[in-house]
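Undergrad: Compact mmCIF, C-alpha atoms, file my_file_6.txt:
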# COMPACT_ATOMS: atom_id res chain seq x y z
CA MET A 1 -49.28 -167.66 138.03
CA LYS A 2 -50.27 -170.36 135.56
CA ALA A 3 -49.86 -174.03 136.35
CA ASP A 4 -50.18 -176.87 133.90
CA ILE A 5 -50.04 -180.47 135.12
CA LYS A 6 -49.64 -183.38 132.73
CA MET A 7 -48.68 -187.04 132.94
CA ILE A 8 -45.73 -187.78 130.64
CA ASN A 9 -44.12 -191.23 130.71
CA ASN A 10 -45.62 -191.99 134.12
CA LYS A 11 -44.14 -188.77 135.52
CA VAL A 12 -46.18 -185.85 136.84
CA VAL A 13 -44.89 -182.84 134.91
CA ILE A 14 -45.85 -179.50 136.42
CA THR A 15 -45.13 -176.46 134.30
CA LEU A 16 -45.35 -173.17 136.16
CA GLU A 17 -45.43 -169.73 134.59
CA GLY A 18 -45.19 -166.29 136.18
CA SER A 19 -44.49 -165.36 139.80
CA PHE A 20 -45.04 -168.07 142.41
CA TYR A 21 -46.47 -166.38 145.49
CA VAL A 22 -48.28 -167.47 148.63
CA GLU A 23 -51.72 -167.21 147.00
CA ASP A 24 -50.71 -169.78 144.38
CA ALA A 25 -48.94 -172.05 146.81
CA LEU A 26 -51.95 -173.71 148.44
CA LEU A 27 -53.66 -174.41 145.12
CA ILE A 28 -50.58 -175.95 143.52
CA ARG A 29 -49.73 -177.90 146.66
CA THR A 30 -53.24 -179.36 146.88
CA LYS A 31 -53.35 -180.25 143.19
CA ALA A 32 -49.88 -181.78 143.17
CA LEU A 33 -50.27 -183.75 146.41
CA SER A 34 -53.45 -185.35 145.09
CA TYR A 35 -51.31 -187.28 142.58
CA PHE A 36 -49.78 -189.28 145.42
CA GLN A 37 -53.23 -190.68 146.22
CA ASP A 38 -53.32 -192.12 142.71
CA GLY A 39 -49.98 -193.84 143.23
CA HIS A 40 -47.77 -191.36 141.38
CA ASN A 41 -44.44 -190.56 143.02
CA ASN A 42 -42.24 -189.06 140.32
CA PHE A 43 -42.48 -185.34 139.63
CA LEU A 44 -40.77 -182.93 137.30
CA ILE A 45 -41.36 -179.25 137.88
CA ASP A 46 -40.52 -176.94 135.03
CA LEU A 47 -39.57 -173.53 136.42
CA SER A 48 -38.16 -172.12 133.19
CA GLN A 49 -40.99 -169.60 132.91
CA VAL A 50 -41.05 -168.65 136.59
CA ASP A 51 -39.61 -165.22 137.28
CA TYR A 52 -40.01 -165.17 141.08
CA ILE A 53 -40.74 -167.60 143.88
CA ASP A 54 -41.38 -166.63 147.50
CA SER A 55 -40.88 -168.71 150.64
CA SER A 56 -44.39 -170.20 150.41
CA GLY A 57 -43.60 -171.34 146.88
CA LEU A 58 -40.37 -172.90 148.12
CA GLY A 59 -42.45 -174.55 150.84
CA VAL A 60 -44.57 -176.28 148.19
CA LEU A 61 -41.46 -177.63 146.48
CA VAL A 62 -40.07 -178.83 149.82
CA ALA A 63 -43.39 -180.50 150.69
CA LEU A 64 -43.57 -182.24 147.31
CA GLN A 65 -40.02 -183.47 147.59
CA LYS A 66 -40.62 -184.84 151.09
CA ARG A 67 -43.74 -186.69 149.93
CA ALA A 68 -41.98 -188.02 146.84
CA LEU A 69 -39.12 -189.41 148.92
CA GLU A 70 -41.55 -190.89 151.46
CA HIS A 71 -43.29 -192.64 148.57
CA HIS A 72 -39.93 -193.91 147.21
CA GLY A 73 -40.13 -191.52 144.28
CA ALA A 74 -38.31 -188.38 143.24
CA LEU A 75 -38.83 -184.74 142.46
CA GLN A 76 -36.76 -182.97 139.85
CA LEU A 77 -36.59 -179.30 139.07
CA HIS A 78 -35.91 -178.03 135.58
CA GLY A 79 -35.15 -174.72 133.95
CA LEU A 80 -34.10 -172.49 136.84
CA THR A 81 -33.09 -169.11 135.48
CA GLY A 82 -32.47 -165.54 136.60
CA VAL A 83 -33.69 -164.55 140.04
CA VAL A 84 -35.04 -168.03 140.76
CA LYS A 85 -31.69 -169.62 140.02
CA GLU A 86 -29.94 -167.04 142.21
CA LEU A 87 -32.40 -167.73 145.02
CA PHE A 88 -31.74 -171.47 144.88
CA GLU A 89 -27.99 -170.84 144.92
CA LEU A 90 -28.16 -168.31 147.74
CA THR A 91 -30.35 -170.52 149.91
CA ARG A 92 -28.37 -173.61 148.95
CA LEU A 93 -31.59 -175.30 147.88
CA ASN A 94 -29.70 -176.37 144.77
CA LYS A 95 -27.98 -178.87 147.08
CA ILE A 96 -31.30 -180.23 148.37
CA PHE A 97 -33.18 -180.62 145.11
CA GLU A 98 -32.25 -182.63 142.06
CA ILE A 99 -31.93 -180.08 139.29
CA VAL A 100 -31.98 -181.38 135.73
CA MET B 101 -101.28 -165.36 164.31
CA ASN B 102 -99.47 -164.94 161.01
CA ASP B 103 -101.74 -164.47 158.07
CA LEU B 104 -99.83 -166.58 155.56
CA PRO B 105 -99.73 -170.18 156.71
CA LEU B 106 -96.85 -172.38 155.74
CA GLU B 107 -99.06 -174.60 153.66
CA GLU B 108 -100.15 -171.64 151.57
CA LEU B 109 -96.62 -170.37 151.21
CA VAL B 110 -95.40 -173.77 150.11
CA THR B 111 -98.30 -174.01 147.71
CA ASN B 112 -97.36 -170.64 146.28
CA ILE B 113 -93.70 -171.53 145.98
CA THR B 114 -94.45 -174.89 144.45
CA HIS B 115 -96.62 -173.07 141.94
CA PHE B 116 -93.38 -171.58 140.59
CA PHE B 117 -91.23 -174.59 141.34
CA PRO B 118 -93.49 -177.62 140.92
CA ASP B 119 -90.98 -180.12 142.32
CA CYS B 120 -90.46 -178.07 145.44
CA SER B 121 -92.08 -178.86 148.74
CA TYR B 122 -91.62 -177.56 152.26
CA TRP B 123 -89.22 -180.38 153.11
CA ILE B 124 -86.73 -178.74 150.79
CA PHE B 125 -86.28 -176.01 153.40
CA ASP B 126 -85.44 -178.69 155.96
CA MET B 127 -82.65 -179.93 153.73
CA LEU B 128 -80.79 -176.64 154.12
CA ASN B 129 -77.73 -176.79 156.32
CA ASP B 130 -78.35 -173.33 157.71
CA PRO B 131 -81.23 -172.03 159.81
CA LEU B 132 -83.82 -170.30 157.63
CA LEU B 133 -86.55 -167.92 158.77
CA LEU B 134 -89.38 -166.67 156.59
CA LEU B 135 -91.11 -163.48 157.72
CA ASP B 136 -94.26 -161.79 156.51
CA GLU B 137 -94.41 -158.12 155.59
CA PHE B 138 -94.85 -157.12 159.25
CA GLY B 139 -91.95 -159.22 160.54
CA MET B 140 -94.03 -162.06 161.96
CA ILE B 141 -92.42 -165.46 161.55
CA LEU B 142 -94.10 -167.60 158.92
CA PHE B 143 -91.74 -170.51 159.01
CA MET B 144 -88.59 -171.88 160.63
CA ASN B 145 -86.84 -174.77 158.96
CA ASP B 146 -85.56 -177.78 160.89
CA LYS B 147 -82.08 -176.28 161.43
CA ALA B 148 -83.62 -173.03 162.73
CA ARG B 149 -85.95 -174.90 165.12
CA ASN B 150 -82.93 -176.80 166.49
CA PHE B 151 -80.93 -173.59 166.73
CA TYR B 152 -83.55 -171.46 168.49
CA GLY B 153 -85.22 -174.27 170.43
CA HIS B 154 -88.72 -173.28 169.30
CA SER B 155 -91.28 -175.61 167.78
CA LEU B 156 -92.85 -174.50 164.51
CA GLU B 157 -96.08 -173.66 166.32
CA GLU B 158 -94.19 -171.53 168.87
CA ALA B 159 -92.20 -169.84 166.12
CA LYS B 160 -95.33 -168.80 164.26
CA GLN B 161 -96.38 -166.74 167.28
CA LEU B 162 -93.12 -164.79 167.25
CA HIS B 163 -92.11 -161.49 165.74
CA ILE B 164 -88.51 -161.15 164.49
CA ALA B 165 -87.90 -158.43 167.10
CA GLN B 166 -88.42 -161.08 169.79
CA LEU B 167 -85.44 -162.98 168.41
CA ASP B 168 -83.23 -160.15 167.20
CA LEU B 169 -81.92 -157.96 170.02
CA LYS B 170 -80.63 -155.28 167.66
CA ILE B 171 -83.99 -154.42 166.14
CA THR B 172 -85.32 -151.13 167.45
CA VAL B 173 -87.74 -150.22 164.66
CA SER B 174 -88.89 -153.32 162.81
CA ALA B 175 -90.32 -151.34 159.89
CA LYS B 176 -86.90 -149.82 159.25
CA TYR B 177 -85.31 -153.27 159.52
CA LEU B 178 -87.66 -154.74 156.92
CA HIS B 179 -87.39 -151.66 154.70
CA THR B 180 -83.59 -152.03 154.59
CA ILE B 181 -83.91 -155.65 153.48
CA ARG B 182 -86.58 -154.76 150.92
CA LYS B 183 -84.37 -152.01 149.44
CA SER B 184 -81.39 -154.34 149.02
CA GLY B 185 -83.09 -155.95 146.02
CA ASP B 186 -81.62 -159.00 144.33
CA ALA B 187 -78.24 -158.54 146.00
CA GLY B 188 -79.75 -159.25 149.40
CA TYR B 189 -78.53 -157.73 152.64
CA ILE B 190 -75.84 -159.21 154.85
CA PHE B 191 -75.50 -157.96 158.40
CA LEU B 192 -74.47 -158.96 161.89
CA SER B 193 -76.73 -159.17 164.89
CA THR B 194 -77.40 -160.97 168.15
CA HIS B 195 -80.28 -163.43 168.42
CA LYS B 196 -81.94 -164.87 171.48
CA LYS B 197 -82.71 -168.56 171.75
CA LYS B 198 -85.69 -169.96 173.65
CA SER B 199 -83.25 -170.78 176.46
CA ASN B 200 -82.38 -167.03 176.60
CA GLU B 201 -78.87 -167.79 175.35
CA LEU B 202 -77.57 -164.93 173.20
CA VAL B 203 -75.74 -165.84 170.01
CA PRO B 204 -73.80 -163.56 167.64
CA ILE B 205 -75.03 -164.27 164.12
CA GLN B 206 -74.64 -163.22 160.53
CA ILE B 207 -77.83 -162.83 158.53
CA HIS B 208 -78.19 -162.99 154.78
CA ALA B 209 -81.63 -161.55 154.08
CA ARG B 210 -83.63 -161.35 150.86
CA TYR B 211 -86.98 -159.85 150.03
CA ILE B 212 -89.24 -161.79 147.70
CA THR B 213 -92.84 -161.59 146.63
CA VAL B 214 -95.01 -164.68 146.33
CA HIS B 215 -98.36 -164.08 144.66
CA ASP B 216 -98.11 -160.37 145.54
CA LYS B 217 -97.41 -161.18 149.18
CA SER B 218 -94.18 -159.91 150.74
CA VAL B 219 -91.88 -162.51 152.24
CA PHE B 220 -88.52 -161.91 153.89
CA ALA B 221 -86.13 -164.87 153.84
CA LEU B 222 -83.37 -164.82 156.48
CA VAL B 223 -80.54 -167.33 156.38
CA ILE B 224 -78.87 -167.38 159.77
CA LYS B 225 -75.23 -168.24 160.44
CA ASP B 226 -74.01 -168.76 163.98
CA ILE B 227 -70.71 -166.85 164.16
CA SER B 228 -70.04 -167.35 167.86
CA VAL B 229 -67.12 -169.68 167.10
CA GLU B 230 -65.69 -167.29 164.50
CA LYS B 231 -66.06 -164.39 166.90
CA GLN B 232 -64.39 -166.30 169.70
CA LEU B 233 -61.58 -167.37 167.36
CA LYS B 234 -61.09 -163.79 166.24
CA GLN B 235 -60.78 -162.71 169.85
CA GLU B 236 -58.28 -165.52 170.43
CA PHE B 237 -56.28 -164.42 167.38
CA GLU B 238 -56.25 -160.85 168.66
CA LEU B 239 -55.03 -162.07 172.04
CA ILE B 240 -52.29 -164.23 170.48
CA SER B 241 -51.30 -161.28 168.31
CA GLN B 242 -50.90 -159.12 171.40
CA LEU B 243 -48.97 -161.86 173.23
CA GLN B 244 -46.59 -162.14 170.29
CA LYS B 245 -46.03 -158.39 170.25
CA ASN B 246 -45.37 -158.46 173.99
CA MET B 247 -42.56 -160.98 173.41
CA LEU B 248 -40.70 -158.58 171.13
CA PRO B 249 -37.92 -156.47 172.59
CA ALA B 250 -38.55 -152.80 173.20
CA LYS B 251 -36.58 -150.05 171.48
CA TYR B 252 -33.07 -149.97 172.83
CA LYS B 253 -30.53 -147.19 173.14
CA ASN B 254 -27.16 -146.84 174.82
CA PRO B 255 -24.15 -144.59 174.13
CA LEU B 256 -22.93 -146.96 171.40
CA ILE B 257 -26.03 -148.13 169.55
CA GLU B 258 -29.69 -147.40 168.96
CA ILE B 259 -32.09 -150.13 167.87
CA ARG B 260 -35.54 -149.68 166.35
CA SER B 261 -37.76 -152.31 164.87
CA ILE B 262 -40.51 -152.82 162.31
CA TYR B 263 -43.09 -155.53 162.89
CA ARG B 264 -46.37 -156.25 161.18
CA PRO B 265 -48.13 -159.63 161.07
CA TYR B 266 -49.86 -160.33 157.78
CA ASN B 267 -53.01 -161.51 159.49
CA TYR B 268 -53.10 -161.02 163.27
CA VAL B 269 -50.40 -163.58 164.09
CA SER B 270 -46.89 -163.84 162.75
CA GLY B 271 -44.17 -166.40 162.06
CA ASP B 272 -41.55 -163.65 162.28
CA PHE B 273 -39.65 -162.77 165.39
CA PHE B 274 -36.46 -161.01 166.45
CA ASP B 275 -34.54 -160.48 169.62
CA PHE B 276 -31.21 -159.11 170.80
CA LYS B 277 -29.20 -158.90 173.97
CA TRP B 278 -26.62 -156.37 175.01
CA GLU B 279 -23.81 -158.04 176.96
CA ASN B 280 -21.76 -156.28 179.59
CA ASN B 281 -18.60 -156.87 177.55
CA HIS B 282 -19.85 -154.47 174.87
CA ILE B 283 -21.13 -157.18 172.55
CA LEU B 284 -24.61 -157.17 171.06
CA HIS B 285 -25.99 -160.58 170.05
CA GLY B 286 -29.20 -161.02 168.15
CA TYR B 287 -31.24 -162.79 165.56
CA ILE B 288 -34.23 -162.40 163.30
CA PHE B 289 -36.23 -165.32 161.95
CA ASP B 290 -39.14 -166.09 159.67
CA ILE B 291 -41.01 -169.38 159.79
CA MET B 292 -42.49 -170.39 156.45
CA GLY B 293 -46.21 -169.59 156.52
CA HIS B 294 -48.16 -167.07 158.57
CA GLY B 295 -51.11 -168.84 160.16
CA LEU B 296 -51.93 -170.05 163.64
CA ALA B 297 -49.71 -173.14 163.41
CA THR B 298 -46.84 -170.90 162.38
CA ALA B 299 -47.53 -168.66 165.37
CA PHE B 300 -47.38 -171.65 167.71
CA ASN B 301 -44.15 -172.77 166.08
CA MET B 302 -42.81 -169.29 166.61
CA SER B 303 -42.83 -169.78 170.38
CA ALA B 304 -40.84 -173.02 170.17
CA ILE B 305 -38.37 -171.61 167.65
CA ARG B 306 -37.88 -168.50 169.79
CA VAL B 307 -36.95 -170.64 172.80
CA LEU B 308 -34.53 -172.73 170.75
CA LEU B 309 -32.84 -169.67 169.26
CA SER B 310 -32.63 -168.07 172.66
CA GLN B 311 -30.86 -171.20 173.91
CA ALA B 312 -28.62 -171.23 170.83
CA PHE B 313 -27.58 -167.63 171.40
CA GLY B 314 -26.75 -168.46 175.02
CA LEU B 315 -24.13 -170.97 173.88
CA PRO B 316 -20.48 -169.80 174.12
CA VAL B 317 -19.79 -170.62 170.46
CA PRO B 318 -19.43 -168.56 167.25
CA VAL B 319 -22.59 -167.33 165.51
CA ASN B 320 -22.48 -169.95 162.75
CA GLU B 321 -22.22 -172.75 165.29
CA LYS B 322 -25.22 -171.33 167.13
CA LEU B 323 -27.18 -171.67 163.87
CA THR B 324 -25.84 -175.17 163.28
CA TRP B 325 -26.97 -176.23 166.78
CA PHE B 326 -30.31 -174.50 166.30
CA ASN B 327 -30.90 -176.22 162.94
CA GLN B 328 -30.39 -179.66 164.46
CA GLN B 329 -32.69 -178.92 167.39
CA ALA B 330 -35.40 -177.27 165.30
CA ILE B 331 -36.12 -180.11 162.89
CA PRO B 332 -38.44 -182.10 165.24
CA PHE B 333 -40.47 -178.95 165.94
CA LEU B 334 -41.09 -178.11 162.29
CA GLU B 335 -44.10 -180.15 161.29
CA ASN B 336 -46.02 -179.91 158.06
CA ASP B 337 -43.07 -179.26 155.76
CA SER B 338 -42.16 -176.03 157.46
CA PHE B 339 -38.71 -174.47 157.69
CA VAL B 340 -37.13 -171.36 159.14
CA ALA B 341 -35.14 -168.52 157.67
CA VAL B 342 -32.73 -167.07 160.23
CA LEU B 343 -30.03 -164.45 160.40
CA GLY B 344 -27.80 -164.33 163.47
CA PHE B 345 -25.48 -161.46 164.27
CA SER B 346 -22.99 -160.26 166.83
CA PHE B 347 -21.63 -156.71 167.04
CA ASP B 348 -18.38 -156.52 168.97
CA PHE B 349 -17.87 -152.89 169.98
CA ASN B 350 -14.38 -153.69 171.31
CA THR B 351 -13.07 -154.71 167.89
CA LYS B 352 -15.74 -152.88 165.82
CA GLN B 353 -16.49 -156.12 164.00
CA LEU B 354 -19.88 -157.42 162.93
CA THR B 355 -20.06 -161.20 162.70
CA TYR B 356 -23.08 -162.74 161.02
CA SER B 357 -24.38 -166.03 159.71
CA MET B 358 -27.29 -166.59 157.34
CA ALA B 359 -29.74 -169.46 157.05
CA GLY B 360 -32.40 -168.56 154.50
CA ILE B 361 -32.35 -164.84 155.29
CA ASN B 362 -29.53 -164.34 152.86
CA GLN B 363 -29.36 -160.61 152.55
CA PHE B 364 -29.41 -157.44 154.57
CA LEU B 365 -29.02 -153.73 153.98
CA ALA B 366 -26.23 -151.64 155.41
CA ILE B 367 -24.97 -148.11 155.22
CA ASN B 368 -21.28 -148.69 155.81
CA GLN B 369 -19.09 -145.58 155.85
CA LYS B 370 -21.91 -143.68 154.08
CA LYS B 371 -22.09 -146.27 151.30
CA SER B 372 -25.37 -148.16 150.77
CA LEU B 373 -24.84 -151.90 150.49
CA VAL B 374 -26.99 -154.97 149.93
CA ILE B 375 -25.01 -157.77 151.49
CA GLN B 376 -25.79 -161.29 150.30
CA LYS B 377 -24.30 -164.54 151.56
CA PRO B 378 -25.39 -168.13 151.08
CA GLY B 379 -26.90 -170.40 153.70
CA ILE B 380 -29.65 -173.01 153.67
CA PHE B 381 -32.92 -172.58 155.57
CA ALA B 382 -32.92 -174.19 158.99
CA GLY B 383 -35.04 -177.29 159.39
CA LEU B 384 -34.36 -178.88 156.02
CA ASP B 385 -31.04 -180.66 156.41
CA LYS B 386 -29.86 -181.91 159.81
CA ASN B 387 -26.28 -181.99 158.53
CA ALA B 388 -26.27 -178.39 157.34
CA VAL B 389 -23.31 -176.25 158.33
CA TYR B 390 -23.35 -172.48 158.19
CA GLU B 391 -20.70 -170.02 157.16
CA GLN B 392 -19.71 -167.06 159.25
CA HIS B 393 -18.81 -163.66 157.84
CA THR B 394 -17.36 -160.52 159.32
CA MET B 395 -17.25 -156.85 158.41
CA SER B 396 -15.97 -153.76 160.13
CA PHE B 397 -18.43 -151.16 161.31
CA PHE B 398 -17.99 -147.50 162.10
CA SER B 399 -19.72 -144.68 163.85
CA GLY B 400 -22.68 -143.54 161.73
CA ASP B 401 -23.23 -146.95 160.10
CA ILE B 402 -26.74 -148.39 159.85
CA PHE B 403 -27.75 -152.04 159.52
CA TYR B 404 -31.18 -153.34 158.54
CA PHE B 405 -31.86 -157.03 159.11
CA MET B 406 -35.25 -157.98 157.72
CA THR B 407 -37.44 -160.88 156.67
CA ASP B 408 -38.34 -161.50 153.03
CA GLY B 409 -41.85 -160.12 153.54
CA LEU B 410 -40.30 -156.65 153.67
CA PHE B 411 -37.38 -157.24 151.35
CA GLU B 412 -39.74 -158.25 148.54
CA LEU B 413 -41.47 -154.88 148.81
CA LEU B 414 -38.34 -152.79 148.38
CA PRO B 415 -38.02 -151.17 144.99
CA ALA B 416 -34.67 -152.33 143.57
CA PRO B 417 -32.65 -151.70 146.74
CA THR B 418 -29.34 -152.01 144.96
CA GLU B 419 -30.22 -149.02 142.81
CA TYR B 420 -31.87 -146.84 145.41
CA PHE B 421 -31.40 -147.04 149.13
CA PRO B 422 -31.53 -143.71 150.93
CA SER B 423 -28.67 -143.05 153.28
CA GLY B 424 -29.25 -141.49 156.65
CA CYS B 425 -30.96 -142.94 159.65
CA THR B 426 -34.35 -141.28 159.42
CA ALA B 427 -34.63 -141.33 155.62
CA SER B 428 -33.87 -145.03 155.33
CA TYR B 429 -36.18 -145.94 158.23
CA ARG B 430 -39.02 -143.97 156.62
CA TRP B 431 -38.26 -145.64 153.31
CA LEU B 432 -38.70 -149.05 154.92
CA CYS B 433 -41.88 -147.99 156.73
CA LYS B 434 -43.33 -146.74 153.46
CA ALA B 435 -42.49 -150.05 151.78
CA MET B 436 -44.19 -151.89 154.65
CA ARG B 437 -47.50 -150.18 153.86
CA SER B 438 -47.44 -151.32 150.24
CA PRO B 439 -50.68 -152.97 149.06
CA ALA B 440 -48.47 -155.62 147.46
CA CYS B 441 -47.66 -156.97 150.94
CA ARG B 442 -48.25 -160.74 151.07
CA ASP B 443 -46.34 -161.85 154.13
CA ASP B 444 -45.43 -161.10 157.72
CA ILE B 445 -43.00 -158.23 157.97
CA SER B 446 -40.26 -157.56 160.47
CA ALA B 447 -36.99 -155.72 160.58
CA LEU B 448 -34.33 -154.72 163.07
CA CYS B 449 -32.75 -151.35 162.43
CA LEU B 450 -29.43 -150.75 164.16
CA TYR B 451 -27.71 -147.36 164.24
CA ILE B 452 -24.10 -147.26 165.33
CA LYS B 453 -23.40 -144.09 167.28
Would you write the structure of this file as structure tokens?

TA:
Amino acid sequence: MKADIKMINNKVVITLEGSFYVEDALLIRTKALSYFQDGHNNFLIDLSQVDYIDSSGLGVLVALQKRALEHHGALQLHGLTGVVKELFELTRLNKIFEIV
Amino acid sequence: MNDLPLEELVTNITHFFPDCSYWIFDMLNDPLLLLDEFGMILFMNDKARNFYGHSLEEAKQLHIAQLDLKITVSAKYLHTIRKSGDAGYIFLSTHKKKSNELVPIQIHARYITVHDKSVFALVIKDISVEKQLKQEFELISQLQKNMLPAKYKNPLIEIRSIYRPYNYVSGDFFDFKWENNHILHGYIFDIMGHGLATAFNMSAIRVLLSQAFGLPVPVNEKLTWFNQQAIPFLENDSFVAVLGFSFDFNTKQLTYSMAGINQFLAINQKKSLVIQKPGIFAGLDKNAVYEQHTMSFFSGDIFYFMTDGLFELLPAPTEYFPSGCTASYRWLCKAMRSPACRDDISALCLYIK
């Protein structure tokens, strides 16, 4: 899994690529949560190049969204396709997250 | 008395590293022992003196075999370290402190030569806490296994299970109960994560689900009640995937409800099926409501309810899913042993007679 994190227009944009498994989850969670310490609370996660996400990966997204809301910010997901899109629909997570 | 005094050793080392002095050894966070070619102690750093309880003068009278209970032939011990070369030699042992307390330790040993003199450097790590924790993990693992239901068989149904924690303890669990009115209730769940905290959560979630399945309400309402009760117990952004089921052998109807475990395998009238239905994980939305679904079952049918740790390992189940009780169970067991396994695994396998 590749992860690229950039600041664009005061928003933390995280672009993920590949399969998002448990071994990636802790690293991405730690990196992403560190942005809250610097006062950032708006996140956009680009999942357009993610072909699979397991429950630990979903856990990272849930954790980020909780933190963003606690910090009066928001988390948006972008580019859900294929299996990942099906997973979000099947687990109704598409109702929990803001998908743009 | 050792023949290479500390001062000389330090002088020799500082010859190669001019800015180095003996105090640099005292800056190390781990106990360090330096031995001569016969195994006599040349030096103990500050951490080692605190650890063993010996003064430097006392230490310099000691041979390593007086500290290390596992040394039988010291020449062999030193030869093994010498042969390990630049890679060093890592091994476990038990050392004795001045107080006679025995401590399990890990040693990283290296052989070096200083001005043609042999020196063995031993970095000591106290692993008593790790060892105790490992024993605790093994105990918790066994306790978790003891909570699982045993195989079950009656004239109408046979139930087997698959269970394998990813690392000692598990966030997966399942249970079922055969009622006198010929109804089998049950559930399988998977808490996100698979560490110790998840294992603790497992106990709380198990109790809540057990209470939920004791309620005289439909399966989906049991999950709705469970979801509302579970939220305060799910710290640290955790959530639970659950599948609840009820086999009514009077009407031959399976009723099920899904909350994050959104698929299961079935052989229904000799046809292999992957059944998928929507439902949000429990613990994320206190207002979540769950759908309930039904299907007819027949003699010879097989149902496999499993957590995603196993489902992810199945090779394209929609294309290939062996029919037959034994073949499909073996197929799942083979998948469970895949090196690609990244998660706790559990499954309930139900054979309708």

Undergrad: Once you count all atoms listed in the file, what closest atom pair and distance in Å to one decimal does each residue of chain A within 6 Å of chain B have, with rows by chain and rising residue number, as a Markdown table?

TA:
| residue | atom | partner | partner_atom | distance |
| --- | --- | --- | --- | --- |
| A:Ala63 | CA | B:Asp337 | CA | 5.2 |
| A:Leu90 | CA | B:Pro378 | CA | 4.3 |
| A:Thr91 | CA | B:Ile380 | CA | 4.6 |
| A:Arg92 | CA | B:Ile380 | CA | 4.9 |

Undergrad: Quick one: of B:Ile283, B:Leu243, B:Ile227, B:Ala250, who's nearest to Ser270 (chain B), counting all atoms listed in the file?

TA: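 With all atoms listed in the file as the atom set, the closest residue is B:Leu243.
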
Undergrad: Between B:Leu296, B:Cys441, B:Leu162, B:Ile205, which one has atoms that come closest to Glu236 (chain B), using only C-alpha atoms?

TA: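 Result for the nearest residue to Glu236 (chain B): B:Leu296.
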
Undergrad: Give me, as a PDB file with C-alpha atoms, in the coordinates of the input, all polymer residues having an atom no more than 10 Å from Ile452 (chain B), counting only C-alpha atoms and skipping those fewer than 6 positions away in the same chain.

TA:
ATOM      1  CA  ASN B 254     -27.160-146.840 174.820  1.00  0.00           C
ATOM      2  CA  PRO B 255     -24.150-144.590 174.130  1.00  0.00           C
ATOM      3  CA  LEU B 256     -22.930-146.960 171.400  1.00  0.00           C
ATOM      4  CA  ILE B 257     -26.030-148.130 169.550  1.00  0.00           C
ATOM      5  CA  GLU B 258     -29.690-147.400 168.960  1.00  0.00           C
ATOM      6  CA  ILE B 259     -32.090-150.130 167.870  1.00  0.00           C
ATOM      7  CA  PHE B 347     -21.630-156.710 167.040  1.00  0.00           C
ATOM      8  CA  PHE B 349     -17.870-152.890 169.980  1.00  0.00           C
ATOM      9  CA  PHE B 397     -18.430-151.160 161.310  1.00  0.00           C
ATOM     10  CA  PHE B 398     -17.990-147.500 162.100  1.00  0.00           C
ATOM     11  CA  SER B 399     -19.720-144.680 163.850  1.00  0.00           C
ATOM     12  CA  GLY B 400     -22.680-143.540 161.730  1.00  0.00           C
ATOM     13  CA  ASP B 401     -23.230-146.950 160.100  1.00  0.00           C
ATOM     14  CA  ILE B 402     -26.740-148.390 159.850  1.00  0.00           C
ATOM     15  CA  PHE B 403     -27.750-152.040 159.520  1.00  0.00           C
ATOM     16  CA  CYS B 425     -30.960-142.940 159.650  1.00  0.00           C
TER      17      CYS B 425
END

Undergrad: Show which residues sit within 12 Å of Gly39 (chain A), as a CSV table (one decimal) with C-alpha atoms, in the coordinates of the input. Count all atoms listed in the file, and ignore same-chain residues fewer than 5 positions away.

TA:
chain,number,residue,atom,x,y,z
A,10,ASN,CA,-45.6,-192.0,134.1
A,11,LYS,CA,-44.1,-188.8,135.5
A,12,VAL,CA,-46.2,-185.8,136.8
A,33,LEU,CA,-50.3,-183.8,146.4
A,34,SER,CA,-53.4,-185.4,145.1
A,67,ARG,CA,-43.7,-186.7,149.9
A,68,ALA,CA,-42.0,-188.0,146.8
A,71,HIS,CA,-43.3,-192.6,148.6
A,72,HIS,CA,-39.9,-193.9,147.2
A,73,GLY,CA,-40.1,-191.5,144.3

Undergrad: Quick one: pull the distance between CA of Tyr420 (chain B) and CA of Ser372 (chain B), Å, one decimal.

TA: 8.5 Å

Undergrad: From the set A:Asn9, A:Lys2, A:Ile96, A:Val22, which residue has the shortest atom-to-atom contact distance to Ile53 (chain A), counting all atoms listed in the file?

TA: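 Checking each candidate against Ile53 (chain A), we get A:Val22 as the closest.
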
Undergrad: Extract, using only C-alpha atoms, all DNA, RNA and protein residues at most 10 Å from region 168-174 of chain B, discarding same-chain residues fewer than 5 positions from it, and format them as a PyMOL selection string.

TA: chain B and resi 138-139+163+179-180+192-197+202-203+205

Undergrad: For C-alpha atoms, I'd like the residues from the last selection saved as a PDB file, keeping the file's coordinate frame.

TA:
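Saved as result.pdb:
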ATOM      1  CA  PHE B 138     -94.850-157.120 159.250  1.00  0.00           C
ATOM      2  CA  GLY B 139     -91.950-159.220 160.540  1.00  0.00           C
ATOM      3  CA  HIS B 163     -92.110-161.490 165.740  1.00  0.00           C
ATOM      4  CA  HIS B 179     -87.390-151.660 154.700  1.00  0.00           C
ATOM      5  CA  THR B 180     -83.590-152.030 154.590  1.00  0.00           C
ATOM      6  CA  LEU B 192     -74.470-158.960 161.890  1.00  0.00           C
ATOM      7  CA  SER B 193     -76.730-159.170 164.890  1.00  0.00           C
ATOM      8  CA  THR B 194     -77.400-160.970 168.150  1.00  0.00           C
ATOM      9  CA  HIS B 195     -80.280-163.430 168.420  1.00  0.00           C
ATOM     10  CA  LYS B 196     -81.940-164.870 171.480  1.00  0.00           C
ATOM     11  CA  LYS B 197     -82.710-168.560 171.750  1.00  0.00           C
ATOM     12  CA  LEU B 202     -77.570-164.930 173.200  1.00  0.00           C
ATOM     13  CA  VAL B 203     -75.740-165.840 170.010  1.00  0.00           C
ATOM     14  CA  ILE B 205     -75.030-164.270 164.120  1.00  0.00           C
TER      15      ILE B 205
END
